[in-house]
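Next comes work-v1.cif, with mmCIF, C-alpha atoms.
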data_final
loop_
_atom_site.label_atom_id
_atom_site.label_comp_id
_atom_site.auth_asym_id
_atom_site.auth_seq_id
_atom_site.Cartn_x
_atom_site.Cartn_y
_atom_site.Cartn_z
CA MET Y 1 2.34 9.27 -23.91
CA ALA Y 2 4.65 11.41 -21.79
CA GLY Y 3 3.96 15.12 -21.17
CA TYR Y 4 7.56 16.03 -22.00
CA ARG Y 5 10.55 14.89 -24.03
CA LYS Y 6 13.33 13.02 -22.24
CA LEU Y 7 16.07 14.38 -24.54
CA GLY Y 8 18.21 11.28 -23.91
CA ARG Y 9 19.22 12.42 -20.43
CA THR Y 10 18.60 11.65 -16.79
CA SER Y 11 16.07 13.87 -15.01
CA SER Y 12 18.71 16.00 -13.25
CA GLN Y 13 20.69 16.51 -16.47
CA ARG Y 14 17.52 17.36 -18.38
CA LYS Y 15 16.44 19.89 -15.74
CA ALA Y 16 19.89 21.53 -15.78
CA LEU Y 17 19.92 21.67 -19.59
CA ILE Y 18 16.49 23.30 -19.76
CA ARG Y 19 17.33 25.77 -16.96
CA SER Y 20 20.58 26.85 -18.62
CA GLN Y 21 19.01 27.23 -22.06
CA VAL Y 22 16.02 29.21 -20.70
CA THR Y 23 18.44 31.48 -18.79
CA ALA Y 24 20.49 32.02 -21.97
CA LEU Y 25 17.35 32.73 -24.00
CA LEU Y 26 16.08 35.37 -21.58
CA TYR Y 27 19.53 36.97 -21.18
CA HIS Y 28 20.52 37.08 -24.87
CA GLY Y 29 17.09 37.16 -26.53
CA LYS Y 30 17.85 34.23 -28.84
CA ILE Y 31 19.70 30.91 -28.82
CA ARG Y 32 20.68 28.30 -31.38
CA THR Y 33 19.78 24.72 -30.47
CA THR Y 34 18.12 21.55 -31.82
CA GLU Y 35 14.44 21.47 -32.65
CA THR Y 36 13.38 19.06 -29.90
CA ARG Y 37 15.27 21.00 -27.22
CA ALA Y 38 13.77 24.26 -28.48
CA LYS Y 39 10.23 22.88 -28.13
CA GLU Y 40 10.91 21.93 -24.49
CA ILE Y 41 12.64 25.22 -23.70
CA ARG Y 42 9.77 27.16 -25.28
CA LYS Y 43 7.27 25.67 -22.78
CA VAL Y 44 9.28 26.80 -19.75
CA ALA Y 45 10.25 30.22 -21.16
CA GLU Y 46 6.70 31.10 -22.19
CA GLY Y 47 5.45 30.11 -18.74
CA LEU Y 48 7.95 32.44 -17.09
CA ILE Y 49 7.12 35.32 -19.44
CA ALA Y 50 3.38 34.80 -18.89
CA MET Y 51 3.96 34.90 -15.14
CA ALA Y 52 5.97 38.13 -15.49
CA VAL Y 53 3.25 39.73 -17.65
CA ARG Y 54 0.57 38.77 -15.11
CA GLU Y 55 2.48 40.19 -12.12
CA LYS Y 56 4.18 43.14 -13.87
CA ASP Y 57 2.39 45.95 -12.00
CA ASN Y 58 1.66 44.12 -8.75
CA TYR Y 59 3.83 46.16 -6.35
CA GLU Y 60 3.71 49.19 -4.07
CA THR Y 61 6.22 52.03 -4.06
CA VAL Y 62 7.48 52.74 -0.55
CA LYS Y 63 9.80 55.50 0.72
CA VAL Y 64 12.48 54.34 3.13
CA THR Y 65 15.48 55.95 4.78
CA ALA Y 66 18.68 54.01 4.31
CA LYS Y 67 22.12 54.42 5.83
CA VAL Y 68 24.67 54.70 3.04
CA PRO Y 69 28.41 54.86 3.67
CA ARG Y 70 29.98 58.20 2.71
CA ARG Y 71 32.56 57.85 -0.07
CA ASP Y 72 35.55 59.97 -1.06
CA LYS Y 73 36.61 60.98 -4.59
CA ASP Y 74 38.26 57.55 -5.19
CA GLY Y 75 35.09 55.68 -4.21
CA LYS Y 76 36.48 54.43 -0.89
CA ARG Y 77 34.55 54.65 2.37
CA VAL Y 78 35.28 57.66 4.58
CA LYS Y 79 36.44 56.65 8.06
CA GLU Y 80 36.88 58.74 11.20
CA VAL Y 81 38.41 57.89 14.54
CA VAL Y 82 35.96 57.53 17.46
CA ASP Y 83 37.29 56.38 20.85
CA GLY Y 84 40.51 55.12 19.25
CA LYS Y 85 38.69 53.01 16.60
CA LYS Y 86 38.24 53.67 12.90
CA VAL Y 87 34.51 53.87 12.14
CA THR Y 88 32.79 54.31 8.77
CA VAL Y 89 30.76 57.50 8.39
CA PHE Y 90 27.17 56.95 7.23
CA ASP Y 91 24.67 59.35 5.63
CA GLU Y 92 20.89 58.87 5.77
CA VAL Y 93 19.29 58.88 2.32
CA GLU Y 94 15.61 58.77 1.28
CA LYS Y 95 15.00 56.01 -1.27
CA GLU Y 96 11.93 54.80 -3.16
CA ILE Y 97 11.75 51.04 -3.43
CA LYS Y 98 9.30 48.61 -5.03
CA LYS Y 99 7.67 46.39 -2.43
CA ASP Y 100 6.28 43.26 -4.06
CA ASN Y 101 2.78 42.14 -3.18
CA ALA Y 102 2.38 38.51 -2.14
CA SER Y 103 1.56 37.08 -5.57
CA ARG Y 104 4.43 38.94 -7.27
CA LEU Y 105 6.84 37.74 -4.59
CA HIS Y 106 5.64 34.17 -5.18
CA ALA Y 107 6.13 34.62 -8.94
CA ARG Y 108 9.64 35.99 -8.34
CA ARG Y 109 10.55 32.96 -6.26
CA GLN Y 110 9.10 30.57 -8.85
CA MET Y 111 11.27 32.26 -11.52
CA LEU Y 112 14.35 31.99 -9.31
CA LYS Y 113 13.73 28.23 -9.06
CA VAL Y 114 14.18 27.98 -12.84
CA LEU Y 115 16.73 30.66 -13.74
CA TYR Y 116 20.45 30.43 -13.05
CA GLY Y 117 22.48 33.42 -11.88
CA VAL Y 118 24.20 35.34 -14.68
CA THR Y 119 27.51 37.15 -14.22
CA GLU Y 120 28.31 39.81 -16.80
CA VAL Y 121 32.00 40.21 -17.67
CA PRO Y 122 33.06 43.28 -19.67
CA ALA Y 123 35.09 42.45 -22.82
CA ALA Y 124 37.98 44.71 -21.78
CA ALA Y 125 38.51 42.87 -18.48
CA ALA Y 126 37.91 39.32 -19.67
CA GLY Y 127 39.32 36.83 -17.18
CA LYS Y 128 39.37 39.34 -14.33
CA LYS Y 129 36.97 39.09 -11.42
CA LYS Y 130 37.18 42.76 -10.45
CA ASN Y 131 34.76 44.36 -12.94
CA THR Y 132 32.16 41.58 -13.11
CA LYS Y 133 28.58 42.20 -12.02
CA GLU Y 134 25.58 40.01 -11.32
CA VAL Y 135 22.60 40.42 -13.68
CA ASP Y 136 19.15 40.22 -12.07
CA LEU Y 137 17.22 38.25 -14.71
CA VAL Y 138 13.99 38.32 -12.71
CA ALA Y 139 14.08 42.13 -12.65
CA LYS Y 140 14.82 42.08 -16.39
CA LEU Y 141 11.77 39.86 -16.90
CA PHE Y 142 9.49 42.21 -14.94
CA ASP Y 143 10.93 45.53 -16.17
CA GLU Y 144 12.02 44.93 -19.80
CA ILE Y 145 10.50 41.75 -21.23
CA ALA Y 146 7.00 41.77 -19.67
CA PRO Y 147 6.02 45.32 -20.83
CA LYS Y 148 6.70 44.30 -24.46
CA TYR Y 149 4.21 41.43 -24.26
CA VAL Y 150 1.33 43.00 -22.29
CA SER Y 151 -1.00 43.16 -25.29
CA ARG Y 152 -0.03 39.66 -26.48
CA ASN Y 153 -1.83 36.49 -25.36
CA GLY Y 154 0.93 33.87 -25.47
CA GLY Y 155 3.26 33.09 -28.34
CA TYR Y 156 6.21 35.00 -26.89
CA THR Y 157 8.86 32.90 -28.66
CA ARG Y 158 9.52 32.00 -32.28
CA ILE Y 159 11.28 28.91 -33.69
CA VAL Y 160 13.05 29.46 -37.03
CA LYS Y 161 14.58 26.41 -38.71
CA ILE Y 162 18.20 26.89 -39.79
CA GLY Y 163 18.92 23.48 -41.30
CA PRO Y 164 20.65 20.23 -40.40
CA ARG Y 165 23.73 20.37 -38.17
CA LYS Y 166 26.93 19.28 -39.87
CA GLY Y 167 28.07 16.68 -37.31
CA ASP Y 168 24.94 14.58 -36.75
CA ALA Y 169 22.35 16.09 -39.12
CA ALA Y 170 20.07 17.08 -36.24
CA MET Y 171 17.67 19.87 -37.26
CA GLU Y 172 19.01 23.13 -35.84
CA VAL Y 173 16.73 26.04 -35.05
CA LEU Y 174 16.93 29.59 -33.78
CA LEU Y 175 14.73 30.11 -30.73
CA GLU Y 176 14.10 33.80 -30.17
CA LEU Y 177 11.84 36.15 -28.28
CA VAL Y 178 9.30 37.72 -30.66
#
What is this file in structure tokens?
Amino acid sequence: MAGYRKLGRTSSQRKALIRSQVTALLYHGKIRTTETRAKEIRKVAEGLIAMAVREKDNYETVKVTAKVPRRDKDGKRVKEVVDGKKVTVFDEVEKEIKKDNASRLHARRQMLKVLYGVTEVPAAAAGKKKNTKEVDLVAKLFDEIAPKYVSRNGGYTRIVKIGPRKGDAAMEVLLELV
């Protein structure tokens, strides 16, 4: 008896399918898929959430000084001429950053092995590259999802049966975060 379902795919296709569906589940909060896929996705997603809950508060806050380019009213960098060259003007700013401890850093890297990168495109600028931004799903896991499940011991997802799919009568379900 195998420890996982093959889902009628090669190992690389199966891994890509599970990664993309887990990424979609964590980004959107729910996905619609077949029952067998949902049961496989649930295993991976719950493992990631459990890891995030375990390592949620495992960091130190550190103050650092950073050089930030000065910007004008249009948001462009301010330049000044020094020795005949245009040079960007920098300001020193005090920032507080979260410095991960070793186990949280390891958890972050394990999550990055599973999750794909997500690019958010605003509806107004659909098809344009200019206003897109990268979404940090690992930070979302640590900062938004994990605090909701601190008091819960597992069971972070729910499978709700929708009914048979019209094309092939496969049982469709809604997999959602509780």
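For the atom pair formed by CA of Lys133 in chain Y and CA of Leu25 in chain Y, the distance is 19.0 Å, given to one decimal.
The two atoms in question, CA of Ile97 in chain Y and CA of Ala139 in chain Y, are spaced 13.0 Å apart.
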Please enumerate the residues selected by the PyMOL selection byres ((chain Y and resi 71-74) around 12) when evaluated against the supplied file, formatted as a PyMOL selection string.
chain Y and resi 68-70+75-79+88-91
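Of the listed residues Y:Lys86, Y:Lys30, Y:Lys6, Y:Arg19, the one whose atoms come nearest to Leu112 in chain Y is Y:Arg19, with distances taken using only C-alpha atoms.
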Pick from Y:Leu26, Y:Val118, Y:Leu7, Y:Val135, whichever lies nearest to Leu48 in chain Y using all atoms listed in the file:
Y:Leu26
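Shell of Tyr27 in chain Y at 12 Å, with all atoms listed in the file counted and residues fewer than 5 places along the chain excluded, is Ser20, Gln21, Val22, Ala45, Leu115, Tyr116, Gly117, Val118, Thr119, Glu120, Glu134, Val135, Asp136, Leu137, Val138, Ala139, Lys140, Leu141, Glu144, Ile145, Glu176 and Leu177 of chain Y.
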Okay, now the selection with C-alpha atoms, as a JSON list (two decimals), in the frame of the given file?
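File written: selection-v5.json
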[["chain", "number", "residue", "atom", "x", "y", "z"],
["Y", 20, "SER", "CA", 20.58, 26.85, -18.62],
["Y", 21, "GLN", "CA", 19.01, 27.23, -22.06],
["Y", 22, "VAL", "CA", 16.02, 29.21, -20.70],
["Y", 45, "ALA", "CA", 10.25, 30.22, -21.16],
["Y", 115, "LEU", "CA", 16.73, 30.66, -13.74],
["Y", 116, "TYR", "CA", 20.45, 30.43, -13.05],
["Y", 117, "GLY", "CA", 22.48, 33.42, -11.88],
["Y", 118, "VAL", "CA", 24.20, 35.34, -14.68],
["Y", 119, "THR", "CA", 27.51, 37.15, -14.22],
["Y", 120, "GLU", "CA", 28.31, 39.81, -16.80],
["Y", 134, "GLU", "CA", 25.58, 40.01, -11.32],
["Y", 135, "VAL", "CA", 22.60, 40.42, -13.68],
["Y", 136, "ASP", "CA", 19.15, 40.22, -12.07],
["Y", 137, "LEU", "CA", 17.22, 38.25, -14.71],
["Y", 138, "VAL", "CA", 13.99, 38.32, -12.71],
["Y", 139, "ALA", "CA", 14.08, 42.13, -12.65],
["Y", 140, "LYS", "CA", 14.82, 42.08, -16.39],
["Y", 141, "LEU", "CA", 11.77, 39.86, -16.90],
["Y", 144, "GLU", "CA", 12.02, 44.93, -19.80],
["Y", 145, "ILE", "CA", 10.50, 41.75, -21.23],
["Y", 176, "GLU", "CA", 14.10, 33.80, -30.17],
["Y", 177, "LEU", "CA", 11.84, 36.15, -28.28]]
Have a look at CA of Ser151 in chain Y and CA of Gly3 in chain Y and let me know their distance in Å, one decimal.
28.8 Å
Can you complete the atoms of range 151-162 of chain Y to all heavy atoms and list them as a PDB file, keeping the file's coordinate frame?
ATOM      1  N   SER Y 151       0.153  43.259 -24.402  1.00  0.00           N
ATOM      2  CA  SER Y 151      -1.000  43.160 -25.290  1.00  0.00           C
ATOM      3  C   SER Y 151      -1.071  41.814 -26.010  1.00  0.00           C
ATOM      4  O   SER Y 151      -2.003  41.559 -26.763  1.00  0.00           O
ATOM      5  CB  SER Y 151      -0.941  44.278 -26.336  1.00  0.00           C
ATOM      6  OG  SER Y 151       0.248  44.157 -27.087  1.00  0.00           O
ATOM      7  N   ARG Y 152      -0.110  40.935 -25.773  1.00  0.00           N
ATOM      8  CA  ARG Y 152      -0.030  39.660 -26.480  1.00  0.00           C
ATOM      9  C   ARG Y 152      -0.515  38.519 -25.592  1.00  0.00           C
ATOM     10  O   ARG Y 152      -0.125  38.438 -24.428  1.00  0.00           O
ATOM     11  CB  ARG Y 152       1.435  39.450 -26.856  1.00  0.00           C
ATOM     12  CG  ARG Y 152       1.673  38.590 -28.029  1.00  0.00           C
ATOM     13  CD  ARG Y 152       3.181  38.559 -28.315  1.00  0.00           C
ATOM     14  NE  ARG Y 152       3.423  37.589 -29.333  1.00  0.00           N
ATOM     15  CZ  ARG Y 152       3.578  37.875 -30.611  1.00  0.00           C
ATOM     16  NH1 ARG Y 152       3.548  39.118 -30.999  1.00  0.00           N
ATOM     17  NH2 ARG Y 152       3.779  36.923 -31.487  1.00  0.00           N
ATOM     18  N   ASN Y 153      -1.335  37.647 -26.117  1.00  0.00           N
ATOM     19  CA  ASN Y 153      -1.830  36.490 -25.360  1.00  0.00           C
ATOM     20  C   ASN Y 153      -1.052  35.243 -25.750  1.00  0.00           C
ATOM     21  O   ASN Y 153      -1.481  34.458 -26.590  1.00  0.00           O
ATOM     22  CB  ASN Y 153      -3.321  36.261 -25.608  1.00  0.00           C
ATOM     23  CG  ASN Y 153      -4.159  37.381 -25.076  1.00  0.00           C
ATOM     24  OD1 ASN Y 153      -3.819  37.977 -24.068  1.00  0.00           O
ATOM     25  ND2 ASN Y 153      -5.249  37.693 -25.755  1.00  0.00           N
ATOM     26  N   GLY Y 154       0.108  35.044 -25.160  1.00  0.00           N
ATOM     27  CA  GLY Y 154       0.930  33.870 -25.470  1.00  0.00           C
ATOM     28  C   GLY Y 154       1.705  34.061 -26.749  1.00  0.00           C
ATOM     29  O   GLY Y 154       1.631  35.098 -27.405  1.00  0.00           O
ATOM     30  N   GLY Y 155       2.471  33.039 -27.125  1.00  0.00           N
ATOM     31  CA  GLY Y 155       3.260  33.090 -28.340  1.00  0.00           C
ATOM     32  C   GLY Y 155       4.393  34.108 -28.227  1.00  0.00           C
ATOM     33  O   GLY Y 155       4.588  34.939 -29.107  1.00  0.00           O
ATOM     34  N   TYR Y 156       5.151  34.032 -27.135  1.00  0.00           N
ATOM     35  CA  TYR Y 156       6.210  35.000 -26.890  1.00  0.00           C
ATOM     36  C   TYR Y 156       7.524  34.618 -27.565  1.00  0.00           C
ATOM     37  O   TYR Y 156       8.438  35.414 -27.634  1.00  0.00           O
ATOM     38  CB  TYR Y 156       6.456  35.152 -25.387  1.00  0.00           C
ATOM     39  CG  TYR Y 156       5.207  35.428 -24.592  1.00  0.00           C
ATOM     40  CD1 TYR Y 156       4.756  34.547 -23.629  1.00  0.00           C
ATOM     41  CD2 TYR Y 156       4.475  36.590 -24.821  1.00  0.00           C
ATOM     42  CE1 TYR Y 156       3.612  34.803 -22.893  1.00  0.00           C
ATOM     43  CE2 TYR Y 156       3.322  36.853 -24.093  1.00  0.00           C
ATOM     44  CZ  TYR Y 156       2.898  35.956 -23.137  1.00  0.00           C
ATOM     45  OH  TYR Y 156       1.760  36.213 -22.418  1.00  0.00           O
ATOM     46  N   THR Y 157       7.625  33.365 -28.013  1.00  0.00           N
ATOM     47  CA  THR Y 157       8.860  32.900 -28.660  1.00  0.00           C
ATOM     48  C   THR Y 157       8.576  32.446 -30.079  1.00  0.00           C
ATOM     49  O   THR Y 157       7.437  32.126 -30.438  1.00  0.00           O
ATOM     50  CB  THR Y 157       9.490  31.730 -27.879  1.00  0.00           C
ATOM     51  OG1 THR Y 157       8.545  30.668 -27.781  1.00  0.00           O
ATOM     52  CG2 THR Y 157       9.921  32.161 -26.503  1.00  0.00           C
ATOM     53  N   ARG Y 158       9.634  32.417 -30.878  1.00  0.00           N
ATOM     54  CA  ARG Y 158       9.520  32.000 -32.280  1.00  0.00           C
ATOM     55  C   ARG Y 158      10.627  30.986 -32.554  1.00  0.00           C
ATOM     56  O   ARG Y 158      11.765  31.184 -32.135  1.00  0.00           O
ATOM     57  CB  ARG Y 158       9.700  33.214 -33.185  1.00  0.00           C
ATOM     58  CG  ARG Y 158       9.744  32.905 -34.660  1.00  0.00           C
ATOM     59  CD  ARG Y 158      10.121  34.118 -35.495  1.00  0.00           C
ATOM     60  NE  ARG Y 158       9.188  35.206 -35.287  1.00  0.00           N
ATOM     61  CZ  ARG Y 158       9.537  36.479 -35.146  1.00  0.00           C
ATOM     62  NH1 ARG Y 158      10.809  36.829 -35.166  1.00  0.00           N
ATOM     63  NH2 ARG Y 158       8.631  37.415 -34.966  1.00  0.00           N
ATOM     64  N   ILE Y 159      10.296  29.907 -33.286  1.00  0.00           N
ATOM     65  CA  ILE Y 159      11.280  28.910 -33.690  1.00  0.00           C
ATOM     66  C   ILE Y 159      11.477  29.031 -35.196  1.00  0.00           C
ATOM     67  O   ILE Y 159      10.527  28.871 -35.964  1.00  0.00           O
ATOM     68  CB  ILE Y 159      10.845  27.484 -33.308  1.00  0.00           C
ATOM     69  CG1 ILE Y 159      10.786  27.336 -31.787  1.00  0.00           C
ATOM     70  CG2 ILE Y 159      11.790  26.461 -33.906  1.00  0.00           C
ATOM     71  CD1 ILE Y 159      10.327  25.993 -31.289  1.00  0.00           C
ATOM     72  N   VAL Y 160      12.712  29.333 -35.606  1.00  0.00           N
ATOM     73  CA  VAL Y 160      13.050  29.460 -37.030  1.00  0.00           C
ATOM     74  C   VAL Y 160      14.040  28.355 -37.366  1.00  0.00           C
ATOM     75  O   VAL Y 160      15.113  28.271 -36.759  1.00  0.00           O
ATOM     76  CB  VAL Y 160      13.692  30.834 -37.327  1.00  0.00           C
ATOM     77  CG1 VAL Y 160      14.035  30.945 -38.796  1.00  0.00           C
ATOM     78  CG2 VAL Y 160      12.779  31.951 -36.896  1.00  0.00           C
ATOM     79  N   LYS Y 161      13.701  27.517 -38.343  1.00  0.00           N
ATOM     80  CA  LYS Y 161      14.580  26.410 -38.710  1.00  0.00           C
ATOM     81  C   LYS Y 161      15.781  26.942 -39.502  1.00  0.00           C
ATOM     82  O   LYS Y 161      15.632  27.734 -40.428  1.00  0.00           O
ATOM     83  CB  LYS Y 161      13.820  25.380 -39.543  1.00  0.00           C
ATOM     84  CG  LYS Y 161      12.784  24.630 -38.739  1.00  0.00           C
ATOM     85  CD  LYS Y 161      12.156  23.516 -39.524  1.00  0.00           C
ATOM     86  CE  LYS Y 161      11.127  22.796 -38.654  1.00  0.00           C
ATOM     87  NZ  LYS Y 161      10.535  21.669 -39.364  1.00  0.00           N
ATOM     88  N   ILE Y 162      16.961  26.482 -39.109  1.00  0.00           N
ATOM     89  CA  ILE Y 162      18.200  26.890 -39.790  1.00  0.00           C
ATOM     90  C   ILE Y 162      18.615  25.836 -40.798  1.00  0.00           C
ATOM     91  O   ILE Y 162      19.038  26.155 -41.904  1.00  0.00           O
ATOM     92  CB  ILE Y 162      19.335  27.102 -38.756  1.00  0.00           C
ATOM     93  CG1 ILE Y 162      18.965  28.215 -37.785  1.00  0.00           C
ATOM     94  CG2 ILE Y 162      20.650  27.403 -39.454  1.00  0.00           C
ATOM     95  CD1 ILE Y 162      19.935  28.365 -36.644  1.00  0.00           C
TER      96      ILE Y 162
END
